[in-house]
Amino acid sequence: MAEFALVAPLFFLLLLAVIEGARFIYHYEVLNNATREGVRYAIIHGSQGSPPTGPPDEPDGAAIKQAVSDATFGLVGAGQLTFPDPNYSLFPNGGTNERGSTVTVAVTFTYPTFIPVLPPITISAESSGVVNN
C-alpha cells in the first residue's frame with residue numbers, strides 16, 4: 001500500500017502528460033492540414049476557376065476560410081479558430097488570384113488543455129501555394 005501511494009501520483013501524472021501531448025500533436029496536425037486544404041481550395045479556384053475565389057470576386061476570401069473551417073472537423077473548440085486581421089491579404093504581392101500568383105493562408109487556434117493547471121496554448125499554422133487555375 002505504501003509503495004502504491006508513493007508511485008501512483010507519479011504514474012497518473014505521467015499518463016495524463018502523455019495523453020495531453022498526444023492531444024496537442026493531434027490538434028497541431030489537424031490545423032496544419034486545414035491550412036493546406038484552404039490553400040488547395042484557393043489554388044484550384046483561381047481567377048479561371050468555378051467559382052473563382054479571391055479579388056476582385058471575393059475580396060475577403062470567405063470561401064477559402066470556409067474550406068479551412070470545414071477541414072478542422074476534429075478540433076475541440078473549433079469556434080476558437082481565428083484568421084489574421086481584416087487587413088491581412090490572402091493574396092500577397094499584388095493581391096490577385098491570377099494564374100501564377102501566390103496565396104497564403106494563416107490560422108491561429110487556442111488549444112484548450114485537458115489538464116486544468118496548464119494554461120491554454122496558441123497554435124499557429126501557415127501554408128502557401130501558387131494559383132494553378
# chains A, B, ... in the order shown; residues from 1 in each chain; ligands from 1
>>> residues_around(residues="range 18-22 of chain A", least_positions_apart="2", cutoff="8 Å", atoms="only C-alpha atoms", output="ChimeraX atom specification")
/A:14-16,24-26,113-115
>>> closest_residue(among="A:Leu118, A:Val107, A:Ser101, A:Val130", to="Ala17 in chain A", atoms="only C-alpha atoms")
A:Leu118
>>> residues_around(residues="Asn133 in chain A", least_positions_apart="4", cutoff="9 Å", atoms="only C-alpha atoms", output="number ranges by chain")
A: 43-49, 97-100
>>> write_last_selection(atoms="N, CA and C atoms", output="PDB file, in the first residue's frame")
ATOM      1  N   ILE A  43      -5.906  27.586 -54.735  1.00  0.00           N
ATOM      2  CA  ILE A  43      -5.133  27.446 -55.972  1.00  0.00           C
ATOM      3  C   ILE A  43      -5.940  26.767 -57.069  1.00  0.00           C
ATOM      4  N   ILE A  44      -6.921  25.972 -56.700  1.00  0.00           N
ATOM      5  CA  ILE A  44      -7.777  25.341 -57.697  1.00  0.00           C
ATOM      6  C   ILE A  44      -8.838  26.318 -58.199  1.00  0.00           C
ATOM      7  N   HIS A  45      -9.332  27.178 -57.316  1.00  0.00           N
ATOM      8  CA  HIS A  45     -10.387  28.123 -57.674  1.00  0.00           C
ATOM      9  C   HIS A  45      -9.804  29.519 -57.883  1.00  0.00           C
ATOM     10  N   GLY A  46      -8.843  29.640 -58.764  1.00  0.00           N
ATOM     11  CA  GLY A  46      -8.258  30.943 -59.087  1.00  0.00           C
ATOM     12  C   GLY A  46      -9.205  31.764 -59.948  1.00  0.00           C
ATOM     13  N   SER A  47      -8.653  32.723 -60.660  1.00  0.00           N
ATOM     14  CA  SER A  47      -9.494  33.616 -61.466  1.00  0.00           C
ATOM     15  C   SER A  47     -10.240  32.876 -62.566  1.00  0.00           C
ATOM     16  N   GLN A  48      -9.696  31.755 -63.044  1.00  0.00           N
ATOM     17  CA  GLN A  48     -10.351  30.977 -64.103  1.00  0.00           C
ATOM     18  C   GLN A  48     -11.190  29.828 -63.547  1.00  0.00           C
ATOM     19  N   GLY A  49     -11.173  29.647 -62.222  1.00  0.00           N
ATOM     20  CA  GLY A  49     -11.891  28.540 -61.601  1.00  0.00           C
ATOM     21  C   GLY A  49     -13.380  28.798 -61.519  1.00  0.00           C
ATOM     22  N   ASN A  97      -5.709  36.919 -57.959  1.00  0.00           N
ATOM     23  CA  ASN A  97      -5.851  35.463 -57.961  1.00  0.00           C
ATOM     24  C   ASN A  97      -5.605  34.913 -59.359  1.00  0.00           C
ATOM     25  N   GLU A  98      -4.794  35.617 -60.132  1.00  0.00           N
ATOM     26  CA  GLU A  98      -4.442  35.161 -61.472  1.00  0.00           C
ATOM     27  C   GLU A  98      -3.490  33.974 -61.382  1.00  0.00           C
ATOM     28  N   ARG A  99      -3.424  33.204 -62.446  1.00  0.00           N
ATOM     29  CA  ARG A  99      -2.525  32.049 -62.503  1.00  0.00           C
ATOM     30  C   ARG A  99      -1.085  32.499 -62.252  1.00  0.00           C
ATOM     31  N   GLY A 100      -0.390  31.792 -61.377  1.00  0.00           N
ATOM     32  CA  GLY A 100       0.992  32.105 -61.040  1.00  0.00           C
ATOM     33  C   GLY A 100       1.150  32.986 -59.813  1.00  0.00           C
TER      34      GLY A 100
END
>>> closest_residue(among="A:Thr104, A:Thr122, A:Ser128, A:Thr53", to="Tyr28 in chain A", atoms="only C-alpha atoms")
A:Thr122
>>> atom_distance(atom1="CA of Asn132 in chain A", atom2="CA of Ala62 in chain A")
19.4 Å
>>> select_by_dssp(residues="chain A", states="alpha helix (DSSP H)", output="PyMOL selection string")
chain A and resi 2-44+62-71
>>> write_last_selection(atoms="C-alpha atoms", output="PDB file, in the first residue's frame")
ATOM      1  CA  ALA A   2       2.751   2.442   0.903  1.00  0.00           C
ATOM      2  CA  GLU A   3       4.621   1.846  -2.350  1.00  0.00           C
ATOM      3  CA  PHE A   4       1.431   2.314  -4.352  1.00  0.00           C
ATOM      4  CA  ALA A   5       0.697   5.586  -2.532  1.00  0.00           C
ATOM      5  CA  LEU A   6       4.152   6.861  -3.485  1.00  0.00           C
ATOM      6  CA  VAL A   7       4.175   5.674  -7.108  1.00  0.00           C
ATOM      7  CA  ALA A   8       0.510   6.181  -8.119  1.00  0.00           C
ATOM      8  CA  PRO A   9       0.580  10.018  -8.307  1.00  0.00           C
ATOM      9  CA  LEU A  10       3.698   9.941 -10.482  1.00  0.00           C
ATOM     10  CA  PHE A  11       2.226   7.246 -12.699  1.00  0.00           C
ATOM     11  CA  PHE A  12      -1.047   9.129 -13.225  1.00  0.00           C
ATOM     12  CA  LEU A  13       0.807  12.412 -13.813  1.00  0.00           C
ATOM     13  CA  LEU A  14       2.921  10.718 -16.469  1.00  0.00           C
ATOM     14  CA  LEU A  15      -0.161   9.107 -18.011  1.00  0.00           C
ATOM     15  CA  LEU A  16      -2.004  12.444 -18.206  1.00  0.00           C
ATOM     16  CA  ALA A  17       1.098  14.146 -19.658  1.00  0.00           C
ATOM     17  CA  VAL A  18       1.291  11.544 -22.437  1.00  0.00           C
ATOM     18  CA  ILE A  19      -2.422  11.977 -23.195  1.00  0.00           C
ATOM     19  CA  GLU A  20      -2.062  15.783 -23.221  1.00  0.00           C
ATOM     20  CA  GLY A  21       0.940  15.594 -25.538  1.00  0.00           C
ATOM     21  CA  ALA A  22      -0.916  13.313 -27.948  1.00  0.00           C
ATOM     22  CA  ARG A  23      -3.948  15.633 -27.987  1.00  0.00           C
ATOM     23  CA  PHE A  24      -1.701  18.636 -28.681  1.00  0.00           C
ATOM     24  CA  ILE A  25       0.026  16.905 -31.591  1.00  0.00           C
ATOM     25  CA  TYR A  26      -3.368  15.864 -32.988  1.00  0.00           C
ATOM     26  CA  HIS A  27      -4.694  19.451 -32.828  1.00  0.00           C
ATOM     27  CA  TYR A  28      -1.478  20.783 -34.358  1.00  0.00           C
ATOM     28  CA  GLU A  29      -1.635  18.349 -37.282  1.00  0.00           C
ATOM     29  CA  VAL A  30      -5.339  18.984 -37.921  1.00  0.00           C
ATOM     30  CA  LEU A  31      -4.653  22.742 -38.016  1.00  0.00           C
ATOM     31  CA  ASN A  32      -1.754  22.282 -40.437  1.00  0.00           C
ATOM     32  CA  ASN A  33      -3.880  20.088 -42.691  1.00  0.00           C
ATOM     33  CA  ALA A  34      -6.709  22.648 -42.559  1.00  0.00           C
ATOM     34  CA  THR A  35      -4.415  25.429 -43.820  1.00  0.00           C
ATOM     35  CA  ARG A  36      -3.216  23.130 -46.606  1.00  0.00           C
ATOM     36  CA  GLU A  37      -6.836  22.449 -47.571  1.00  0.00           C
ATOM     37  CA  GLY A  38      -7.521  26.198 -47.653  1.00  0.00           C
ATOM     38  CA  VAL A  39      -4.525  26.772 -49.929  1.00  0.00           C
ATOM     39  CA  ARG A  40      -5.554  23.836 -52.108  1.00  0.00           C
ATOM     40  CA  TYR A  41      -9.041  25.287 -52.468  1.00  0.00           C
ATOM     41  CA  ALA A  42      -7.588  28.705 -53.357  1.00  0.00           C
ATOM     42  CA  ILE A  43      -5.133  27.446 -55.972  1.00  0.00           C
ATOM     43  CA  ILE A  44      -7.777  25.341 -57.697  1.00  0.00           C
ATOM     44  CA  ALA A  62     -14.873  33.774 -47.348  1.00  0.00           C
ATOM     45  CA  ALA A  63     -14.888  30.548 -49.389  1.00  0.00           C
ATOM     46  CA  ILE A  64     -11.234  29.872 -48.516  1.00  0.00           C
ATOM     47  CA  LYS A  65     -11.951  30.493 -44.829  1.00  0.00           C
ATOM     48  CA  GLN A  66     -14.933  28.156 -45.054  1.00  0.00           C
ATOM     49  CA  ALA A  67     -12.737  25.455 -46.615  1.00  0.00           C
ATOM     50  CA  VAL A  68     -10.299  25.817 -43.703  1.00  0.00           C
ATOM     51  CA  SER A  69     -13.124  25.695 -41.157  1.00  0.00           C
ATOM     52  CA  ASP A  70     -14.592  22.609 -42.818  1.00  0.00           C
ATOM     53  CA  ALA A  71     -11.218  20.852 -42.604  1.00  0.00           C
TER      54      ALA A  71
END
>>> select_by_dssp(residues="chain A", states="strand (DSSP E or B)", output="ChimeraX atom specification")
/A:54,58,81-82,102-111,121-130
>>> atom_distance(atom1="CA of Val105 in chain A", atom2="CA of Ile123 in chain A")
14.1 Å
>>> atom_distance(atom1="CA of Val131 in chain A", atom2="CA of Val103 in chain A")
6.9 Å
